[in-house]
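Have a look at the structure below, then the notes.
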Number of protein chains: 2
Amino acid sequence: MASILSLDCPLPQLDFDRILLGHGSGGLLTNKLLEAGVFDLLNNDWLAEKHDGAILELSGKVAFSTDSYVVSPVFFPGGNIGELAVNGTVNDLAMCGASARYLSLSFILEEGLLMTDFWEILLSIRQACAVAGVQVVTGDTKVVERGKGDGIFINTTGIGPLHPQSDIHTRRVQPGDKILISGPIAAHGMAILSVREGLEFESAIRSDTRPLKDMALRLLDTAGAQVRLLRDPTRGGVATTLNEIARDRRLGIALEQSLLPIDDVVASACEILGLDPLYVANEGIFLAIVDPEAEPAALEAIRSFEGGQSACTIGRVVVEHPGQVVLRSRIGGKRVVGMLPGEQLPRIC
Amino acid sequence: MASILSLDCPLPQLDFDRILLGHGSGGLLTNKLLEAGVFDLLNNDWLAEKHDGAILELSGKVAFSTDSYVVSPVFFPGGNIGELAVNGTVNDLAMCGASARYLSLSFILEEGLLMTDFWEILLSIRQACAVAGVQVVTGDTKVVERGKGDGIFINTTGIGPLHPQSDIHTRRVQPGDKILISGPIAAHGMAILSVREGLEFESAIRSDTRPLKDMALRLLDTAGAQVRLLRDPTRGGVATTLNEIARDRRLGIALEQSLLPIDDVVASACEILGLDPLYVANEGIFLAIVDPEAEPAALEAIRSFEGGQSACTIGRVVVEHPGQVVLRSRIGGKRVVGMLPGEQLPRIC
């Protein structure tokens with residue numbers, strides 16, 4: 001996407017081709033950097049004020065969420081750190097039952113970052129904002145010396161109004177509830193790992209990064225408060241997210257391995273590398289725990305979206321084995337799927 | 001302050017004394033780290049939900065501001081990166097005319113950071129939040145490998161309701177307006193520099209980091225819309241901030257050197273090191289551009305606060321030399337004070 005956009009938005013003529021320490025000074029160089037493109041690219045009335053913050057008109061319940069993104073490498077099949085930083089925070093708000101509307105955008109750049117790379121990331125941010133229907137209204141840029149950072153880290157923090165029917169809380173999860181997943185697992189983590197380790201599979205594995213906002217809001221339109229909980233299984237994967245829920249709610253979770261959607265190439269890659277896809281990070285899917293009555297309509301709502309076509313039920317909430325996630329394998333055996341004990345893939349997002 | 005607090009809040013017994021990569025995994029180790037103290041220390045109903053974001057009830061106009069903090073060293077005379085990260089964002093909101101209420105808190109930790117250091121920073125964050133009357137309602141923790149970060153970087157993003165009489169915009173600045181400063185300049189930058197360079201002065205220079213919220217709100221109570229603009233002169237100092245205003249508003253700014261408040265020890269340190277205090281960073285003062293009618297009451301309001309006792313008028317807005325800041329020296333000479341061209345002191349905040 002960035003390559004199409006960059007035809008319309010070439011990198012401006014600048015007297016520097018790499019980020020310098022002075023770009024973080026708050027002085028003339030910072031101004032040059034911002035005016036060379038950031039303000040034009042993300043142009044809106046809030047940024048035009050060039051003040052220390054943005055004034056927003058809000059009313060009622062809003063969700064507020066933050067994430068810092070340190071993914072390595074910053075460019076990977078299917079995306080880069082820029083769109084990940086937009087989609088990730090948009091999705092955290094969606095998981096709260098909210099429609100992301102405003103983002104803050106804060107960069108920690110390492111001295112020496114190529115301006116062409118920074119530009120491509122900015123273009124991706126703009127594109128991802130347009131797709132997700134959010135605006136960057138305030139920001140910050142810091143620069144650290146070579147060897148004190150790693151190219152670029154991004155923080156985005158988002159605000160958006162809550163869906164009026166949303167009543168999402170872990171405490172509302174009940175025995176008998178169905179556990180739905182919106183799409184195939186493990187694509188993001190395996191995309192990062194394949195480029196990091198220089199692995200080539202029969203077909204390229206692409207990150208599933210995408211905004212989940214429309215999908216989650218449609219689900220709430222359809223099933224309202226019958227949606228008990230939404231969570232996107234990013235770092236630590238599906239297993240870690242479900243373990244947190246089981247532990248916090250002191251209920252059991254029963255999963256069916258045969259129902260877990262996974263693309264063949266991703267499954268093969270996991271097998272070759274000895275990784276359990278249940279622990280691999282995702283960036284474009286979510287888990288929905290719903291009242292069993294709402295299951296058919298909920299699946300239909302999710303399946304109507306790109307990225308949601310393979311939505312399905314993967315398990316249910318049970319009173320047995322409280323605090324534990326138990327997986328029934330294809331051949332009928334059962335095993336406890338614990339929380340990720342250490343680090344499987346560092347800096348995945 | 002942290003040392004007093006830490007008597008009440010000793011570092012919990014942990015099976016690690018340094019941050020590990022796994023603390024950023026989103027799995028068991030992340031949970032251990034957060035539950036070992038972060039959740040207890042910053043305890044509130046929003047954090048207790050342990051969801052991807054916080055649900056807030058807001059109405060009307062709110063300000064929204066973000067900053068990433070990369071100050072080096074993280075501990076310095078008068079403070080550390082933790083309280084700086086709280087006060088900095090509280091102050092950005094205050095400069096918008098808003099009362100900070102909610103903060104997000106996001107860490108990028110370097111593998112190997114000492115838990116005792118992280119704990120002291122957390123205690124400072126808690127203390128600074130209590131002083132400023134704000135709550136951390138959502139957060140994030142990432143860990144990068146040794147050599148890919150620098151101990152700790154912190155992003156805080158804040159939200160708070162706008163003061164009802166606030167009407168702060170650069171476009172409202174008029175010729176004849178008075179330029180007020182709330183306290184002595186250059187303390188923060190010189191405190192950082194003295195520890196970074198191992199310099200010792202006759203008495204220690206301490207950072208002026210403090211929340212400016214109450215002072216700014218009282219000023220708005222007193223002078224309302226006669227306050228045209230508020231800005232805290234952090235990176236780049238007073239000179240850079242005033243240059244931005246002069247340039248954006250296409251008006252001149254006339255400063256009187258003899259009126260600029262500066263502590264003797266800070267002035268001597270600047271002289272020894274050949275630094276112009278007008279470009280040195282501040283963290284606990286602000287500039288207010290006010291209608292001349294409001295000047296006496298505005299100064300009285302600011303002077304009633306600790307840290308505001310030496311508030312005074314340092315100049316005025318003029319139609320001459322548009323876009324430029326001109327300083328009249330003690331002996332009557334005039335010189336243009338430009339914007340900081342490069343980097344004077346990197347990583348000052």
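By convention in this document, the chains of the structure tokens carry letters A, B, ... by their order, each chain's residues are numbered from 1, and ligands are numbered from 1 in the order they are shown.
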Margin query: Please find the residues of chain B near chain A - the criterion being any atom within 7 Å, counting only C-alpha atoms - and write them as a ChimeraX atom specification.
Written below: /B:21-22,25-29,52-68,92-93,95-96,104,106,138-140,144,147-150,157,235-236,240,339-343,346-347
Note to self: Residues near Ile179 of chain B, anyone? I mean within 8 Å using only C-alpha atoms, not counting same-chain ones fewer than 4 positions away, as a PyMOL selection string.
What the structure shows: chain B and resi 287-290+313-317
Include C-alpha atoms and write out the residues we just selected as a CSV table (one decimal), in the first residue's frame.
```
chain,number,residue,atom,x,y,z
B,287,LEU,CA,5.0,31.3,30.0
B,288,ALA,CA,1.7,33.1,30.0
B,289,ILE,CA,0.8,35.7,27.4
B,290,VAL,CA,-2.0,37.9,28.8
B,313,THR,CA,6.7,40.0,33.4
B,314,ILE,CA,9.7,39.5,31.0
B,315,GLY,CA,8.5,41.2,27.8
B,316,ARG,CA,5.7,42.0,25.5
B,317,VAL,CA,4.3,41.3,22.1
```
Checklist line | Shell around Ser268 of chain B at 12 Å using only C-alpha atoms, local window under 4 positions removed, as a PyMOL selection string | finding: chain B and resi 186-187+190+200-203+205+262-264+272-277
Selection export as a CSV table (one decimal), in the first residue's frame, atoms kept: N, CA and C atoms:
```csv
chain,number,residue,atom,x,y,z
B,186,ALA,N,16.0,27.6,33.4
B,186,ALA,CA,17.2,26.8,33.1
B,186,ALA,C,17.5,25.8,34.2
B,187,ALA,N,16.7,25.6,35.2
B,187,ALA,CA,17.2,24.7,36.3
B,187,ALA,C,17.2,23.3,35.9
B,190,MET,N,20.2,22.4,33.5
B,190,MET,CA,21.5,22.4,34.2
B,190,MET,C,21.6,21.3,35.2
B,200,GLU,N,30.4,19.7,39.6
B,200,GLU,CA,29.9,20.1,41.0
B,200,GLU,C,30.0,21.6,41.1
B,201,PHE,N,28.8,22.2,41.5
B,201,PHE,CA,28.8,23.6,41.7
B,201,PHE,C,28.7,23.8,43.2
B,202,GLU,N,28.9,25.1,43.6
B,202,GLU,CA,28.9,25.4,45.1
B,202,GLU,C,27.7,24.8,45.8
B,203,SER,N,26.5,24.9,45.2
B,203,SER,CA,25.4,24.2,45.7
B,203,SER,C,24.7,23.5,44.6
B,205,ILE,N,22.4,22.0,41.8
B,205,ILE,CA,21.3,22.5,41.0
B,205,ILE,C,20.3,21.3,40.9
B,262,ILE,N,16.5,34.1,37.1
B,262,ILE,CA,17.4,33.0,37.1
B,262,ILE,C,18.1,32.9,38.4
B,263,ASP,N,18.2,31.7,38.9
B,263,ASP,CA,19.0,31.5,40.2
B,263,ASP,C,20.4,31.7,39.9
B,264,ASP,N,21.1,32.3,40.9
B,264,ASP,CA,22.5,32.6,40.7
B,264,ASP,C,23.4,31.4,40.4
B,272,ILE,N,29.8,29.4,33.0
B,272,ILE,CA,31.0,28.5,33.0
B,272,ILE,C,31.0,27.6,31.8
B,273,LEU,N,29.8,27.1,31.5
B,273,LEU,CA,29.7,26.1,30.4
B,273,LEU,C,29.5,26.8,29.0
B,274,GLY,N,29.3,28.1,29.0
B,274,GLY,CA,29.1,28.8,27.8
B,274,GLY,C,27.7,28.5,27.2
B,275,LEU,N,26.7,28.2,28.0
B,275,LEU,CA,25.3,28.0,27.5
B,275,LEU,C,24.5,29.2,27.8
B,276,ASP,N,23.6,29.5,26.8
B,276,ASP,CA,22.7,30.6,27.0
B,276,ASP,C,21.4,30.0,27.7
B,277,PRO,N,21.1,30.5,28.9
B,277,PRO,CA,20.0,29.9,29.7
B,277,PRO,C,18.7,30.0,29.0
```
Next item on the list: Just the residues within 9 Å of Ser258 of chain A, please, counting only C-alpha atoms, with nothing from its chain fewer than 4 positions along; format it as a list in words.
Entry: Ile314, Arg328, Ser329 and Arg330 of chain A
Note to self: Just the number, please: distance in Å from atom CA of Cys129 of chain B to atom CA of Pro164 of chain B, one decimal.
What the structure shows: 23.3 Å
Notebook entry, point to check: Can you list, as a ChimeraX atom specification, every residue of segment 57-237 of chain B that DSSP puts in helix (DSSP H, G or I)?
Noted result: /B:81-95,115-132,170-172,187-196,213-226,237
I need the chosen residues saved as a compact mmCIF listing (two decimals), in the first residue's frame, with C-alpha atoms.
```txt
# COMPACT_ATOMS: atom_id res chain seq x y z
CA ILE B 81 12.11 9.91 34.78
CA GLY B 82 9.00 8.66 36.61
CA GLU B 83 7.85 11.91 38.13
CA LEU B 84 9.03 13.80 35.04
CA ALA B 85 6.73 11.62 32.92
CA VAL B 86 3.75 12.37 35.17
CA ASN B 87 4.44 16.08 35.61
CA GLY B 88 5.34 16.63 31.96
CA THR B 89 2.01 15.41 30.65
CA VAL B 90 0.05 17.02 33.50
CA ASN B 91 1.76 20.27 32.46
CA ASP B 92 1.05 19.87 28.76
CA LEU B 93 -2.62 19.55 29.65
CA ALA B 94 -2.38 22.56 31.97
CA MET B 95 -0.92 24.56 29.07
CA MET B 115 14.27 -4.05 39.69
CA THR B 116 15.28 -1.70 42.50
CA ASP B 117 15.57 1.15 39.98
CA PHE B 118 12.25 0.24 38.36
CA TRP B 119 10.65 0.13 41.80
CA GLU B 120 11.95 3.57 42.75
CA ILE B 121 10.62 4.98 39.47
CA LEU B 122 7.21 3.38 40.11
CA LEU B 123 7.11 4.90 43.59
CA SER B 124 7.89 8.32 42.13
CA ILE B 125 5.12 7.88 39.59
CA ARG B 126 2.69 7.07 42.37
CA GLN B 127 3.83 10.04 44.43
CA ALA B 128 3.67 12.44 41.47
CA CYS B 129 0.17 11.20 40.57
CA ALA B 130 -1.00 11.80 44.14
CA VAL B 131 0.46 15.34 44.19
CA ALA B 132 -1.02 16.22 40.78
CA THR B 170 -1.79 31.25 19.42
CA ARG B 171 -4.07 33.23 17.08
CA ARG B 172 -5.42 35.20 20.07
CA ALA B 187 17.15 24.72 36.32
CA HIS B 188 16.10 21.40 34.77
CA GLY B 189 18.58 21.42 31.92
CA MET B 190 21.48 22.44 34.17
CA ALA B 191 20.57 19.77 36.74
CA ILE B 192 20.69 17.08 34.06
CA LEU B 193 23.88 18.45 32.58
CA SER B 194 25.65 18.71 35.92
CA VAL B 195 25.09 15.04 36.70
CA ARG B 196 25.77 13.92 33.15
CA LYS B 213 -1.84 22.33 36.99
CA ASP B 214 -3.06 24.23 40.07
CA MET B 215 -1.12 27.35 39.14
CA ALA B 216 -2.45 27.39 35.58
CA LEU B 217 -6.03 26.71 36.65
CA ARG B 218 -5.91 29.47 39.29
CA LEU B 219 -4.60 31.83 36.61
CA LEU B 220 -7.59 30.93 34.43
CA ASP B 221 -9.96 31.41 37.41
CA THR B 222 -8.47 34.88 37.81
CA ALA B 223 -7.94 36.10 34.27
CA GLY B 224 -10.15 33.79 32.18
CA ALA B 225 -10.02 34.49 28.46
CA GLN B 226 -7.60 37.37 29.10
CA GLY B 237 13.92 26.58 26.46
```
Check: So which residues of segment 98-246 of chain B fall under strand (DSSP E or B) by DSSP, listed as a ChimeraX atom specification?
Finding: /B:98,102-110,114,135-144,152-162,178-181,227-231
Margin query: Just the number, please: distance in Å from atom CA of Gln324 of chain A to atom CA of Gly252 of chain A, one decimal.
Written below: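 One can read the atom CA of Gln324 of chain A to atom CA of Gly252 of chain A distance as 5.2 Å.
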